[in-house]
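Novice: Okay, handing you the structure first.
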Amino acid sequence: MMTDPASAIRSEVDQLVELQIQTFKQESRLLPSQLLDYHDRSDQISRLYRELDDLARMRLDIVSVRAS
């Protein structure tokens with residue numbers, strides 16, 4: 001079964017956000033490596049949201065071309 005690219009991206013974002021939440025819930029201070037991982041996940045989440053925006057724009061372009 002093929003997965004819609006947007007669904008796969010949203011699933012990945014959900015997993016990354018869950019990891020970020022778990023990091024926030026941690027009672028102890030973050031180790032430098034944990035802080036680096038946190039920032040890396042944040043960057044990855046932003047990148048994935050940009051990909052979702054690009055996919056949505058492409059779909060809108062296709063719909064508007066078909067409507068013309």
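In the structure tokens, the first chain shown is A, the next is B, and so on; residue numbers restart at 1 for each chain, and ligands run from 1 in the order shown.
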Residues at most 8 Å from segment 33-46 of chain A, counting only C-alpha atoms, excluding those fewer than 5 positions away in the same chain, as JSON, numbers by chain?
Specialist: {"A": [13, 16, 17, 20, 23]}
Novice: For the selection you just gave me, I'd like the residues written to a file as a compact mmCIF listing (two decimals), in the first residue's frame, keeping C-alpha atoms.
Specialist:
# COMPACT_ATOMS: atom_id res chain seq x y z
CA VAL A 13 6.58 15.13 12.68
CA LEU A 16 9.59 14.07 16.62
CA VAL A 17 7.15 16.24 18.56
CA GLN A 20 10.41 16.89 22.19
CA THR A 23 12.48 15.92 26.67
Novice: Work out how far apart atom CA of Ile62 of chain A and atom CA of Arg10 of chain A are and give it in Å to one decimal.
Specialist: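 The value is 21.3 Å.
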Novice: Would you return as a PyMOL selection string the members of chain A that DSSP assigns to helix (DSSP H, G or I) on this structure's backbone?
Specialist: chain A and resi 5-25+32-67
Novice: Atom CA of Val63 of chain A and atom CA of Ser11 of chain A are how many Å apart?
Specialist: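 These two atoms are separated by 24.8 Å.
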Novice: Env of Pro5 of chain A: 12 Å cut, atoms = only C-alpha atoms, seq-sep filter 6 positions within chain, self excluded. Answer as a ChimeraX atom specification.
Specialist: /A:11-12,48,51-56,59
